[in-house]
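Engineer: Got a structure for you, my_file-v6.csv, holding CSV, C-alpha atoms and all ligand atoms.
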```csv
chain,number,residue,atom,x,y,z
M,1,PHE,CA,3.7,-3.2,57.9
M,2,THR,CA,5.2,-4.3,54.6
M,3,ARG,CA,4.7,-7.7,53.3
M,4,PRO,CA,7.7,-9.1,51.3
M,5,VAL,CA,6.9,-9.7,47.7
M,6,ASP,CA,8.2,-12.7,45.8
M,7,LEU,CA,8.4,-11.4,42.2
M,8,PRO,CA,9.7,-14.6,40.7
M,9,ALA,CA,6.8,-16.4,42.2
M,10,LEU,CA,4.5,-13.8,40.8
M,11,GLU,CA,6.0,-14.3,37.4
M,12,ASN,CA,5.8,-18.1,37.6
M,13,ARG,CA,2.1,-17.8,38.2
M,14,LEU,CA,1.7,-15.8,35.0
M,15,GLU,CA,4.0,-18.0,33.0
M,16,GLY,CA,2.3,-20.0,30.3
M,17,CYS,CA,-0.4,-17.4,29.7
M,18,PHE,CA,1.8,-14.9,28.1
M,19,ASN,CA,5.3,-16.1,28.7
M,20,SER,CA,6.7,-14.4,25.6
M,21,LEU,CA,5.6,-11.0,27.0
M,22,GLN,CA,7.9,-11.4,30.0
M,23,ASN,CA,11.1,-11.5,28.0
M,24,GLU,CA,11.6,-7.7,27.7
M,25,PRO,CA,12.0,-5.7,30.9
M,26,PHE,CA,9.2,-3.2,31.7
M,27,ARG,CA,10.0,0.4,30.9
M,28,VAL,CA,9.0,2.9,33.6
M,29,LEU,CA,9.4,6.7,33.3
M,30,ILE,CA,9.6,8.6,36.6
M,31,VAL,CA,8.7,12.3,36.5
M,32,ASP,CA,9.7,14.1,39.7
M,33,ASP,CA,11.5,17.3,40.6
M,34,ASP,CA,12.8,15.6,43.8
M,35,LEU,CA,15.9,13.9,42.4
M,36,ASP,CA,16.6,11.9,45.6
M,37,LEU,CA,13.2,10.4,45.6
M,38,ALA,CA,13.3,9.8,41.8
M,39,ARG,CA,16.6,8.0,42.1
M,40,ARG,CA,15.2,5.8,45.0
M,41,PHE,CA,12.3,4.8,42.8
M,42,GLU,CA,14.6,4.1,40.0
M,43,ALA,CA,16.8,1.9,42.1
M,44,VAL,CA,13.9,-0.1,43.5
M,45,LEU,CA,12.4,-0.7,40.0
M,46,SER,CA,15.8,-1.6,38.5
M,47,SER,CA,16.5,-4.0,41.3
M,48,ALA,CA,13.4,-5.9,40.2
M,49,GLY,CA,14.7,-6.0,36.6
M,50,MET,CA,12.7,-3.1,35.2
M,51,LEU,CA,14.2,-0.3,33.1
M,52,ALA,CA,13.6,3.0,34.7
M,53,GLU,CA,14.4,6.5,33.6
M,54,VAL,CA,14.1,9.8,35.4
M,55,VAL,CA,12.8,13.1,34.0
M,56,ILE,CA,13.4,16.1,36.2
M,57,GLU,CA,12.9,18.8,33.6
M,58,PRO,CA,9.3,18.9,32.4
M,59,THR,CA,10.5,20.5,29.1
M,60,GLN,CA,12.3,17.2,28.3
M,61,LEU,CA,9.2,15.1,28.9
M,62,LEU,CA,8.0,14.7,25.4
M,63,GLN,CA,11.4,14.0,24.0
M,64,GLN,CA,12.0,11.4,26.7
M,65,LEU,CA,8.6,9.8,26.0
M,66,ALA,CA,9.4,9.4,22.3
M,67,HIS,CA,12.9,8.2,23.0
M,68,PHE,CA,12.3,5.8,25.9
M,69,THR,CA,8.7,4.6,25.0
M,70,PRO,CA,7.7,3.8,28.6
M,71,GLU,CA,5.0,1.4,29.5
M,72,VAL,CA,4.1,3.1,32.8
M,73,VAL,CA,4.6,6.8,33.9
M,74,LEU,CA,5.1,7.6,37.5
M,75,MET,CA,4.2,11.2,37.9
M,76,ASP,CA,4.8,13.6,40.8
M,77,VAL,CA,1.9,15.9,41.5
M,78,ASN,CA,3.5,19.0,42.9
M,79,MET,CA,6.4,20.4,40.8
M,80,PRO,CA,7.5,24.0,40.6
M,81,GLU,CA,6.8,24.8,36.9
M,82,TYR,CA,4.0,22.5,35.9
M,83,SER,CA,1.8,20.3,38.0
M,84,GLY,CA,1.7,16.5,37.4
M,85,PRO,CA,-1.9,16.6,36.1
M,86,GLU,CA,-0.9,19.4,33.6
M,87,LEU,CA,1.9,17.2,32.3
M,88,ALA,CA,-0.3,14.2,32.2
M,89,GLN,CA,-2.7,16.2,30.0
M,90,VAL,CA,0.1,17.0,27.7
M,91,ILE,CA,1.0,13.4,27.4
M,92,ARG,CA,-2.5,12.4,26.6
M,93,LEU,CA,-2.7,15.0,23.8
M,94,ASN,CA,-0.7,12.6,21.7
M,95,ASP,CA,-2.6,9.5,20.5
M,96,ASP,CA,0.6,7.4,20.9
M,97,TRP,CA,0.3,7.9,24.6
M,98,LEU,CA,-3.4,7.2,25.1
M,99,ARG,CA,-2.8,3.9,26.7
M,100,VAL,CA,0.2,4.4,28.8
M,101,PRO,CA,-0.8,4.2,32.5
M,102,ILE,CA,0.0,7.4,34.4
M,103,LEU,CA,0.3,6.9,38.2
M,104,TYR,CA,0.5,9.9,40.4
M,105,ILE,CA,2.9,9.6,43.4
M,106,SER,CA,1.8,12.1,46.0
M,107,ALA,CA,1.3,12.7,49.6
M,108,GLU,CA,-2.2,13.9,48.7
M,109,THR,CA,-4.7,11.7,50.5
M,110,ASP,CA,-7.7,14.0,50.1
M,111,ALA,CA,-10.2,12.1,47.9
M,112,THR,CA,-11.7,15.2,46.3
M,113,ARG,CA,-8.3,16.7,45.3
M,114,GLN,CA,-7.2,13.2,44.0
M,115,MET,CA,-10.4,13.1,42.0
M,116,GLN,CA,-9.7,16.5,40.6
M,117,ALA,CA,-6.3,15.4,39.4
M,118,LEU,CA,-7.7,12.2,37.9
M,119,MET,CA,-10.4,14.1,36.0
M,120,LYS,CA,-7.7,16.0,34.2
M,121,ALA,CA,-5.7,13.0,33.2
M,122,GLY,CA,-3.9,10.1,34.8
M,123,ASP,CA,-5.1,6.8,36.1
M,124,ASP,CA,-4.4,6.3,39.8
M,125,PHE,CA,-2.8,7.6,43.0
M,126,ILE,CA,0.0,6.0,44.9
M,127,THR,CA,0.2,7.8,48.2
M,128,LYS,CA,3.5,8.7,49.8
M,129,PRO,CA,5.2,7.4,51.8
M,130,ILE,CA,5.2,4.2,49.9
M,131,SER,CA,7.1,1.0,50.7
M,132,ASP,CA,9.4,-0.4,48.0
M,133,ASN,CA,7.2,-3.5,47.7
M,134,ALA,CA,4.0,-1.6,47.3
M,135,LEU,CA,5.6,0.5,44.6
M,136,LEU,CA,6.9,-2.6,42.8
M,137,THR,CA,3.7,-4.6,42.8
M,138,THR,CA,1.7,-1.6,41.7
M,139,VAL,CA,4.0,-0.7,38.8
M,140,TYR,CA,4.5,-4.4,37.9
M,141,SER,CA,0.8,-5.1,37.6
M,142,ARG,CA,0.1,-1.9,35.6
M,143,ALA,CA,2.9,-2.6,33.2
M,144,GLN,CA,1.9,-6.2,32.8
M,145,ARG,CA,-1.6,-5.2,31.9
M,146,ALA,CA,-0.6,-2.4,29.6
M,147,ARG,CA,1.7,-4.8,27.7
M,148,ARG,CA,-1.1,-7.4,27.3
M,149,VAL,CA,-3.5,-4.7,26.1
M,150,SER,CA,-1.1,-3.5,23.4
M,151,HIS,CA,-0.4,-7.0,22.3
M,152,ALA,CA,-4.1,-7.8,22.1
M,153,LEU,CA,-4.7,-4.7,20.1
M,154,ALA,CA,-1.9,-5.5,17.7
M,155,ARG,CA,-3.7,-8.7,16.7
M,156,ASP,CA,-6.2,-9.1,13.9
M,157,SER,CA,-9.6,-10.1,15.5
M,158,LEU,CA,-10.6,-12.7,12.9
M,159,THR,CA,-7.4,-14.7,12.8
M,160,GLY,CA,-5.3,-13.6,15.9
M,161,LEU,CA,-2.4,-12.8,13.5
M,162,LEU,CA,-0.4,-9.6,13.3
M,163,LYS,CA,-2.1,-6.8,11.6
M,164,HIS,CA,-1.0,-5.1,8.3
M,165,ALA,CA,1.4,-2.5,9.8
M,166,ASP,CA,2.9,-4.9,12.3
M,167,ILE,CA,3.7,-7.7,9.9
M,168,LYS,CA,5.2,-5.1,7.5
M,169,GLU,CA,7.4,-3.9,10.4
M,170,GLN,CA,8.4,-7.5,11.1
M,171,VAL,CA,9.4,-8.0,7.5
M,172,ALA,CA,11.6,-5.0,7.6
M,173,ILE,CA,13.2,-6.0,10.8
M,174,GLU,CA,13.9,-9.6,9.8
M,175,MET,CA,15.2,-8.7,6.3
M,176,GLU,CA,17.5,-6.1,7.8
M,177,ARG,CA,18.7,-8.7,10.3
M,178,ALA,CA,19.3,-11.3,7.6
M,179,ALA,CA,21.3,-8.8,5.5
M,180,ARG,CA,23.4,-7.9,8.6
M,181,MET,CA,24.0,-11.5,9.6
M,182,ARG,CA,24.6,-12.6,6.0
M,183,ARG,CA,21.8,-15.2,6.4
M,184,PRO,CA,19.1,-16.0,3.9
M,185,ALA,CA,15.5,-14.9,4.6
M,186,SER,CA,12.3,-15.1,2.6
M,187,VAL,CA,9.1,-13.2,2.4
M,188,ALA,CA,5.9,-14.9,1.2
M,189,MET,CA,2.7,-13.1,0.0
M,190,ILE,CA,-0.2,-15.5,0.1
M,191,ASP,CA,-3.7,-14.8,-1.5
M,192,ILE,CA,-6.7,-17.0,-1.6
M,193,ASP,CA,-7.9,-17.8,-5.1
M,194,HIS,CA,-11.3,-16.6,-6.4
M,195,PHE,CA,-12.2,-15.7,-2.9
M,196,LYS,CA,-14.9,-13.3,-4.1
M,197,SER,CA,-16.8,-16.2,-5.5
M,198,VAL,CA,-16.6,-18.1,-2.2
M,199,ASN,CA,-18.3,-15.1,-0.6
M,200,ASP,CA,-20.8,-14.8,-3.4
M,201,GLN,CA,-21.8,-18.5,-3.4
M,202,HIS,CA,-21.6,-19.3,0.3
M,203,GLY,CA,-21.9,-16.0,2.1
M,204,HIS,CA,-19.5,-13.9,4.1
M,205,ALA,CA,-19.6,-16.1,7.3
M,206,VAL,CA,-18.4,-19.1,5.3
M,207,GLY,CA,-15.7,-16.9,3.7
M,208,ASP,CA,-14.6,-16.0,7.2
M,209,ASN,CA,-14.2,-19.7,8.1
M,210,VAL,CA,-11.9,-20.1,5.1
M,211,ILE,CA,-9.8,-17.2,6.1
M,212,ARG,CA,-9.5,-18.6,9.7
M,213,ALA,CA,-8.7,-22.1,8.4
M,214,LEU,CA,-5.8,-20.8,6.3
M,215,ALA,CA,-4.6,-18.7,9.2
M,216,ASN,CA,-4.6,-21.7,11.5
M,217,LEU,CA,-2.9,-23.9,8.9
M,218,LEU,CA,-0.1,-21.3,8.3
M,219,ARG,CA,0.3,-20.9,12.1
M,220,GLN,CA,0.7,-24.7,12.5
M,221,ARG,CA,3.0,-25.3,9.6
M,222,LEU,CA,5.4,-22.3,9.9
M,223,ARG,CA,8.2,-22.4,12.5
M,224,LYS,CA,8.2,-20.4,15.8
M,225,ILE,CA,10.8,-18.0,14.4
M,226,ASP,CA,8.6,-17.2,11.4
M,227,ARG,CA,6.4,-14.1,11.5
M,228,LEU,CA,2.9,-14.2,10.1
M,229,GLY,CA,0.3,-11.6,9.6
M,230,ARG,CA,-3.0,-10.8,7.9
M,231,TYR,CA,-1.9,-8.3,5.3
M,232,GLY,CA,-5.4,-7.6,4.0
M,233,GLY,CA,-8.8,-9.3,3.6
M,234,GLU,CA,-7.8,-12.7,2.2
M,235,GLU,CA,-4.1,-11.9,1.9
M,236,PHE,CA,-1.4,-13.1,4.3
M,237,LEU,CA,2.2,-12.1,4.6
M,238,ALA,CA,5.0,-14.2,6.2
M,239,VAL,CA,8.7,-13.7,6.8
M,240,LEU,CA,10.8,-16.8,7.1
M,241,PRO,CA,14.3,-16.2,8.6
M,242,ASP,CA,17.1,-18.6,7.7
M,243,CYS,CA,15.1,-19.8,4.7
M,244,ASP,CA,16.2,-19.3,1.1
M,245,ALA,CA,13.8,-19.1,-1.8
M,246,ALA,CA,13.9,-22.8,-2.6
M,247,ASP,CA,13.2,-23.8,1.0
M,248,ALA,CA,10.4,-21.3,1.3
M,249,LYS,CA,8.9,-22.5,-1.9
M,250,ALA,CA,9.0,-26.1,-0.6
M,251,ILE,CA,7.3,-25.2,2.7
M,252,LEU,CA,4.7,-23.0,1.0
M,253,ASP,CA,4.0,-25.8,-1.6
M,254,GLU,CA,3.3,-28.2,1.3
M,255,ILE,CA,0.9,-25.8,2.9
M,256,ARG,CA,-0.7,-25.1,-0.4
M,257,SER,CA,-1.3,-28.8,-0.9
M,258,ALA,CA,-2.7,-29.2,2.6
M,259,PHE,CA,-5.0,-26.2,2.2
M,260,HIS,CA,-6.3,-27.6,-1.1
M,261,ASP,CA,-7.1,-30.9,0.6
M,262,LEU,CA,-9.5,-29.2,3.1
M,263,TYR,CA,-13.2,-29.5,2.6
M,264,PHE,CA,-15.4,-26.6,3.7
M,265,THR,CA,-19.1,-26.7,4.3
M,266,GLY,CA,-20.9,-24.1,2.2
M,267,ALA,CA,-24.4,-22.9,1.5
M,268,ALA,CA,-27.1,-25.5,1.9
M,269,GLY,CA,-24.6,-28.0,3.3
M,270,SER,CA,-22.7,-28.3,0.1
M,271,SER,CA,-19.0,-28.9,0.3
M,272,PHE,CA,-16.2,-27.2,-1.5
M,273,GLN,CA,-12.5,-26.7,-1.7
M,274,CYS,CA,-10.2,-23.7,-2.0
M,275,SER,CA,-6.7,-22.9,-3.1
M,276,PHE,CA,-4.2,-20.1,-2.7
M,277,SER,CA,-1.4,-18.6,-4.7
M,278,ALA,CA,1.8,-17.3,-3.2
M,279,GLY,CA,4.7,-15.2,-4.3
M,280,ILE,CA,8.1,-15.4,-2.6
M,281,SER,CA,11.1,-13.1,-2.6
M,282,ALA,CA,14.3,-13.9,-0.8
M,283,CYS,CA,17.4,-12.2,0.5
M,284,ASN,CA,20.4,-14.3,-0.4
M,285,GLN,CA,24.1,-14.3,-1.4
M,286,GLN,CA,23.4,-13.8,-5.1
M,287,SER,CA,21.5,-10.6,-4.4
M,288,ALA,CA,24.3,-9.3,-2.2
M,289,TRP,CA,22.3,-10.2,1.0
M,290,GLN,CA,19.6,-7.8,0.3
M,291,ILE,CA,16.6,-7.1,-1.8
M,292,VAL,CA,15.5,-3.6,-2.4
M,293,GLU,CA,11.7,-4.1,-2.1
M,294,PRO,CA,10.9,-7.5,-0.7
M,295,LEU,CA,7.1,-6.8,-0.7
M,296,GLU,CA,7.1,-5.6,-4.3
M,297,LYS,CA,9.0,-8.6,-5.5
M,298,ALA,CA,6.8,-11.0,-3.6
M,299,ASP,CA,3.7,-9.3,-4.9
M,300,ALA,CA,5.0,-9.5,-8.5
M,301,HIS,CA,5.6,-13.2,-8.1
M,302,LEU,CA,2.1,-13.6,-6.6
M,303,TYR,CA,0.7,-11.8,-9.7
M,304,LYS,CA,2.6,-14.3,-11.9
M,305,ALA,CA,1.2,-17.2,-9.9
M,306,LYS,CA,-2.3,-15.9,-10.5
M,307,LYS,CA,-1.7,-15.4,-14.1
M,308,ASP,CA,-0.1,-18.8,-14.6
M,309,GLY,CA,-3.3,-20.4,-13.4
M,310,ARG,CA,-3.5,-20.0,-9.5
M,311,ASN,CA,-3.0,-22.7,-6.8
M,312,ARG,CA,0.8,-22.4,-7.2
M,313,VAL,CA,3.8,-20.8,-5.6
M,314,VAL,CA,6.3,-18.7,-7.6
M,315,ALA,CA,9.7,-18.0,-6.2
M,401,LIG,P1,-7.9,-13.8,-7.1
M,401,LIG,O1,-7.9,-15.3,-7.3
M,401,LIG,O2,-7.4,-13.0,-8.2
M,401,LIG,O3,-7.2,-13.4,-5.8
M,401,LIG,O4,-9.5,-13.4,-6.9
M,401,LIG,P2,-10.3,-13.0,-5.6
M,401,LIG,O5,-11.7,-13.1,-5.8
M,401,LIG,O6,-9.7,-13.7,-4.4
M,401,LIG,O7,-9.7,-11.5,-5.4
M,401,LIG,P3,-10.4,-10.2,-5.0
M,401,LIG,O8,-9.4,-9.3,-4.5
M,401,LIG,O9,-11.2,-9.6,-6.2
M,401,LIG,O10,-11.5,-10.5,-3.9
M,401,LIG,C1,-11.2,-10.6,-2.6
M,401,LIG,C2,-12.5,-10.6,-1.8
M,401,LIG,O11,-12.2,-10.9,-0.4
M,401,LIG,C3,-13.3,-9.4,-1.9
M,401,LIG,C4,-13.7,-9.1,-0.5
M,401,LIG,O12,-15.1,-8.9,-0.4
M,401,LIG,C5,-13.3,-10.4,0.2
M,401,LIG,N1,-13.0,-10.1,1.6
M,401,LIG,C6,-12.1,-9.2,2.1
M,401,LIG,N2,-12.0,-9.3,3.5
M,401,LIG,C7,-12.8,-10.3,3.9
M,401,LIG,C8,-13.2,-10.8,5.1
M,401,LIG,O13,-12.7,-10.5,6.2
M,401,LIG,N3,-14.2,-11.8,5.1
M,401,LIG,C9,-14.7,-12.3,4.0
M,401,LIG,N4,-15.6,-13.2,4.1
M,401,LIG,N5,-14.4,-11.7,2.8
M,401,LIG,C10,-13.5,-10.8,2.7
M,402,MG,MG,7.5,17.5,43.9
M,403,MG,MG,-6.6,-10.3,-2.7
M,404,MG,MG,-7.7,-13.5,-3.8
```
Here is the file; what I need is its structure written in the form of structure tokens.
Ligand code: GH3
Ligand code: MG
Ligand code: MG
Ligand code: MG
Structural biologist:
Amino acid sequence: FTRPVDLPALENRLEGCFNSLQNEPFRVLIVDDDLDLARRFEAVLSSAGMLAEVVIEPTQLLQQLAHFTPEVVLMDVNMPEYSGPELAQVIRLNDDWLRVPILYISAETDATRQMQALMKAGDDFITKPISDNALLTTVYSRAQRARRVSHALARDSLTGLLKHADIKEQVAIEMERAARMRRPASVAMIDIDHFKSVNDQHGHAVGDNVIRALANLLRQRLRKIDRLGRYGGEEFLAVLPDCDAADAKAILDEIRSAFHDLYFTGAAGSSFQCSFSAGISACNQQSAWQIVEPLEKADAHLYKAKKDGRNRVVA
């Protein structure tokens, strides 16, 4: 028999843990030569709020992957030109698709033959006939997990912040949005002062504590709409939407002062203080709502802050 599934209840249970991950609908690619079946799966998944696309022509698979960027692939096993496991192998050749769950949908119930397919590529079997609810829960839990994994991997392990490439991408997205909406936005490049000597005097573990402390402070003081990442070792990058250069400087100066007030425990129980310097670049009306190279300009201002004596913010 089929048990009715209460998807909203399922989501409620997960809420709070990773609420922000729920906002976007899950994207599911269905690869099947049987169009009627594929359309049925598509309808079932769509009715639960997921985005589903169908590939009937295996030759279009790679193009569709790149275009649609699915979070789960539902793969038929027996197709006329290529088998499902062969296509799954092709998908796995590309590093971009190492993590996408590939679920075979098949009438195959023989464990040995299932195993042979899974040895080639792919992650699991859903055996036909399958109830709508069973399909939904399986796809939902797979997509959920895949999304959590990719979010976790996108985070820097020391600070939990976005990594270099991801914060750079966020800067580009937010600056483009600001120019389009004719709104100000600022970019801040933040670098701890004389950090090498912190490591030299107190050791790497203490240095790590300083990096974590600044990451936490930035996270606490910046707004929810701001994006923050660890750009490099002791360097952070933030993008502040709806914030002009003067506002950004005021916020960063407050954080700078709060950071300078912290006392750290160093080698042999000694206590010490740290500071950072920051450079800001902004997108505003004067500059025709765009700046050509926000990162380069922020970096140039950071360089000036260092040269002018450190523990300061240059906008
Ligand atoms: P400045 O004021 O000009 O920024 O001087 P600085 O010493 O901070 O700059 P520099 O770039 O010369 O040194 C940065 C140091 O940060 C060098 C590197 O060993 C250290 N570092 C990079 N990543 C980490 C990390 O994850 N943990 C620790 N403890 N140190 C790191
Ligand atoms: Mg088939
Ligand atoms: Mg540095
Ligand atoms: Mg430094």
Engineer: Name the residues, by chain letter and number, that sit within 9 Å of ligand MG 403 (chain M) using only C-alpha atoms and all ligand atoms, and give them as a list in words.
Structural biologist: Ile190, Asp191, Ile192, Asp193, His194, Phe195, Lys196, Gly232, Gly233, Glu234 and Glu235 of chain M
Engineer: With distances taken over all atoms listed in the file, which of M:Gly269, M:Gly122, M:Pro129, M:Pro25 is nearest to Ile102 of chain M?
Structural biologist: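 Closest candidate: M:Gly122.
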Engineer: Go ahead and find all residues with at least one atom no further than 10 Å from (0.6, 1.6, 31.6) in the file's coordinates, using all atoms listed in the file; report them as a list in words.
Structural biologist: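 Output: Phe26, Arg27, Val28, Pro70, Glu71, Val72, Val73, Leu74, Trp97, Leu98, Arg99, Val100, Pro101, Ile102, Leu103, Asp123, Val139, Tyr140, Ser141, Arg142, Ala143, Gln144, Arg145, Ala146, Arg147, Val149 and Ser150 of chain M.
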Engineer: Write the residues you've just listed into a file as a compact mmCIF listing (two decimals), in the coordinates of the input, and include C-alpha atoms for each of them.
Structural biologist:
```txt
# COMPACT_ATOMS: atom_id res chain seq x y z
CA PHE M 26 9.20 -3.20 31.70
CA ARG M 27 10.00 0.40 30.90
CA VAL M 28 9.00 2.90 33.60
CA PRO M 70 7.70 3.80 28.60
CA GLU M 71 5.00 1.40 29.50
CA VAL M 72 4.10 3.10 32.80
CA VAL M 73 4.60 6.80 33.90
CA LEU M 74 5.10 7.60 37.50
CA TRP M 97 0.30 7.90 24.60
CA LEU M 98 -3.40 7.20 25.10
CA ARG M 99 -2.80 3.90 26.70
CA VAL M 100 0.20 4.40 28.80
CA PRO M 101 -0.80 4.20 32.50
CA ILE M 102 0.00 7.40 34.40
CA LEU M 103 0.30 6.90 38.20
CA ASP M 123 -5.10 6.80 36.10
CA VAL M 139 4.00 -0.70 38.80
CA TYR M 140 4.50 -4.40 37.90
CA SER M 141 0.80 -5.10 37.60
CA ARG M 142 0.10 -1.90 35.60
CA ALA M 143 2.90 -2.60 33.20
CA GLN M 144 1.90 -6.20 32.80
CA ARG M 145 -1.60 -5.20 31.90
CA ALA M 146 -0.60 -2.40 29.60
CA ARG M 147 1.70 -4.80 27.70
CA VAL M 149 -3.50 -4.70 26.10
CA SER M 150 -1.10 -3.50 23.40
```
Engineer: So, counting all atoms listed in the file, which residue among M:Val206, M:Cys243, M:Ala267, M:Leu218 is closest to ligand LIG 401 (chain M)?
Structural biologist: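 Answer, going by the shortest atom-to-atom distance: M:Val206.
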Engineer: What would the list of residues within 12 Å of (-0.1, -8.5, 17.1) (file frame) look like as a PDB file with C-alpha atoms, in the frame of the given file, if only C-alpha atoms are what count?
Structural biologist:
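Result saved to out.pdb:
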```pdb
ATOM      1  CA  LEU M  21       5.600 -11.000  27.000  1.00  0.00           C
ATOM      2  CA  ARG M 147       1.700  -4.800  27.700  1.00  0.00           C
ATOM      3  CA  ARG M 148      -1.100  -7.400  27.300  1.00  0.00           C
ATOM      4  CA  VAL M 149      -3.500  -4.700  26.100  1.00  0.00           C
ATOM      5  CA  SER M 150      -1.100  -3.500  23.400  1.00  0.00           C
ATOM      6  CA  HIS M 151      -0.400  -7.000  22.300  1.00  0.00           C
ATOM      7  CA  ALA M 152      -4.100  -7.800  22.100  1.00  0.00           C
ATOM      8  CA  LEU M 153      -4.700  -4.700  20.100  1.00  0.00           C
ATOM      9  CA  ALA M 154      -1.900  -5.500  17.700  1.00  0.00           C
ATOM     10  CA  ARG M 155      -3.700  -8.700  16.700  1.00  0.00           C
ATOM     11  CA  ASP M 156      -6.200  -9.100  13.900  1.00  0.00           C
ATOM     12  CA  SER M 157      -9.600 -10.100  15.500  1.00  0.00           C
ATOM     13  CA  THR M 159      -7.400 -14.700  12.800  1.00  0.00           C
ATOM     14  CA  GLY M 160      -5.300 -13.600  15.900  1.00  0.00           C
ATOM     15  CA  LEU M 161      -2.400 -12.800  13.500  1.00  0.00           C
ATOM     16  CA  LEU M 162      -0.400  -9.600  13.300  1.00  0.00           C
ATOM     17  CA  LYS M 163      -2.100  -6.800  11.600  1.00  0.00           C
ATOM     18  CA  HIS M 164      -1.000  -5.100   8.300  1.00  0.00           C
ATOM     19  CA  ALA M 165       1.400  -2.500   9.800  1.00  0.00           C
ATOM     20  CA  ASP M 166       2.900  -4.900  12.300  1.00  0.00           C
ATOM     21  CA  ILE M 167       3.700  -7.700   9.900  1.00  0.00           C
ATOM     22  CA  LYS M 168       5.200  -5.100   7.500  1.00  0.00           C
ATOM     23  CA  GLU M 169       7.400  -3.900  10.400  1.00  0.00           C
ATOM     24  CA  GLN M 170       8.400  -7.500  11.100  1.00  0.00           C
ATOM     25  CA  ARG M 227       6.400 -14.100  11.500  1.00  0.00           C
ATOM     26  CA  LEU M 228       2.900 -14.200  10.100  1.00  0.00           C
ATOM     27  CA  GLY M 229       0.300 -11.600   9.600  1.00  0.00           C
ATOM     28  CA  ARG M 230      -3.000 -10.800   7.900  1.00  0.00           C
ATOM     29  CA  TYR M 231      -1.900  -8.300   5.300  1.00  0.00           C
TER      30      TYR M 231
END
```
Engineer: Could you state the separation of atom CA of Ala305 of chain M and atom O10 of ligand LIG 401 (chain M) in Å, given to one decimal place?
Structural biologist: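 Between atom CA of Ala305 of chain M and atom O10 of ligand LIG 401 (chain M) the gap is 15.6 Å.
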Engineer: When you look at Gly84 of chain M with a cut-off of 6 Å (counting all atoms listed in the file), what residues show up, excluding the ones that are within fewer than 6 positions of it in the same chain? I need them as a ChimeraX atom specification.
Structural biologist: /M:75-77
Engineer: Kindly export the residues of the current selection with C-alpha atoms, as a CSV table (one decimal), keeping the file's coordinate frame.
Structural biologist:
```csv
chain,number,residue,atom,x,y,z
M,75,MET,CA,4.2,11.2,37.9
M,76,ASP,CA,4.8,13.6,40.8
M,77,VAL,CA,1.9,15.9,41.5
```
Engineer: Kindly compute an axis-aligned box around the listed atoms of ligand LIG 401 (chain M), allowing 8 Å on each side, and express its centre and edge lengths in Å to one decimal as lines of an AutoDock Vina configuration file.
Structural biologist:
```
center_x = -11.4
center_y = -12.1
center_z = -1.0
size_x = 24.4
size_y = 22.4
size_z = 30.4
```
Engineer: Give me, please, the distance in Å between atom O13 of ligand LIG 401 (chain M) and atom CA of Asp308 of chain M, quoted to one decimal.
Structural biologist: 25.7 Å
Engineer: Env of segment 45-61 of chain M: 7 Å cut, atoms = only C-alpha atoms, seq-sep filter 3 positions within chain, self excluded. Answer as a list in words.
Structural biologist: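 Near segment 45-61 of chain M, the qualifying residues are Pro25, Phe26, Arg27, Val28, Leu29, Ile30, Val31, Asp32, Asp33, Ala38, Phe41, Glu42, Gln64, Leu65 and Leu136 of chain M.
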Engineer: The selected residues should be written to file as a PDB file, in the coordinates of the input (atoms: C-alpha atoms).
Structural biologist:
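Done, and the output landed in out.pdb:
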```pdb
ATOM      1  CA  PRO M  25      12.000  -5.700  30.900  1.00  0.00           C
ATOM      2  CA  PHE M  26       9.200  -3.200  31.700  1.00  0.00           C
ATOM      3  CA  ARG M  27      10.000   0.400  30.900  1.00  0.00           C
ATOM      4  CA  VAL M  28       9.000   2.900  33.600  1.00  0.00           C
ATOM      5  CA  LEU M  29       9.400   6.700  33.300  1.00  0.00           C
ATOM      6  CA  ILE M  30       9.600   8.600  36.600  1.00  0.00           C
ATOM      7  CA  VAL M  31       8.700  12.300  36.500  1.00  0.00           C
ATOM      8  CA  ASP M  32       9.700  14.100  39.700  1.00  0.00           C
ATOM      9  CA  ASP M  33      11.500  17.300  40.600  1.00  0.00           C
ATOM     10  CA  ALA M  38      13.300   9.800  41.800  1.00  0.00           C
ATOM     11  CA  PHE M  41      12.300   4.800  42.800  1.00  0.00           C
ATOM     12  CA  GLU M  42      14.600   4.100  40.000  1.00  0.00           C
ATOM     13  CA  GLN M  64      12.000  11.400  26.700  1.00  0.00           C
ATOM     14  CA  LEU M  65       8.600   9.800  26.000  1.00  0.00           C
ATOM     15  CA  LEU M 136       6.900  -2.600  42.800  1.00  0.00           C
TER      16      LEU M 136
END
```
Engineer: Have a look at M:Ala298, M:Asp34, M:Val313, M:Arg177 and name the one nearest to Leu252 of chain M; count only C-alpha atoms.
Structural biologist: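 Using only C-alpha atoms, the shortest distance to Leu252 of chain M belongs to M:Val313.
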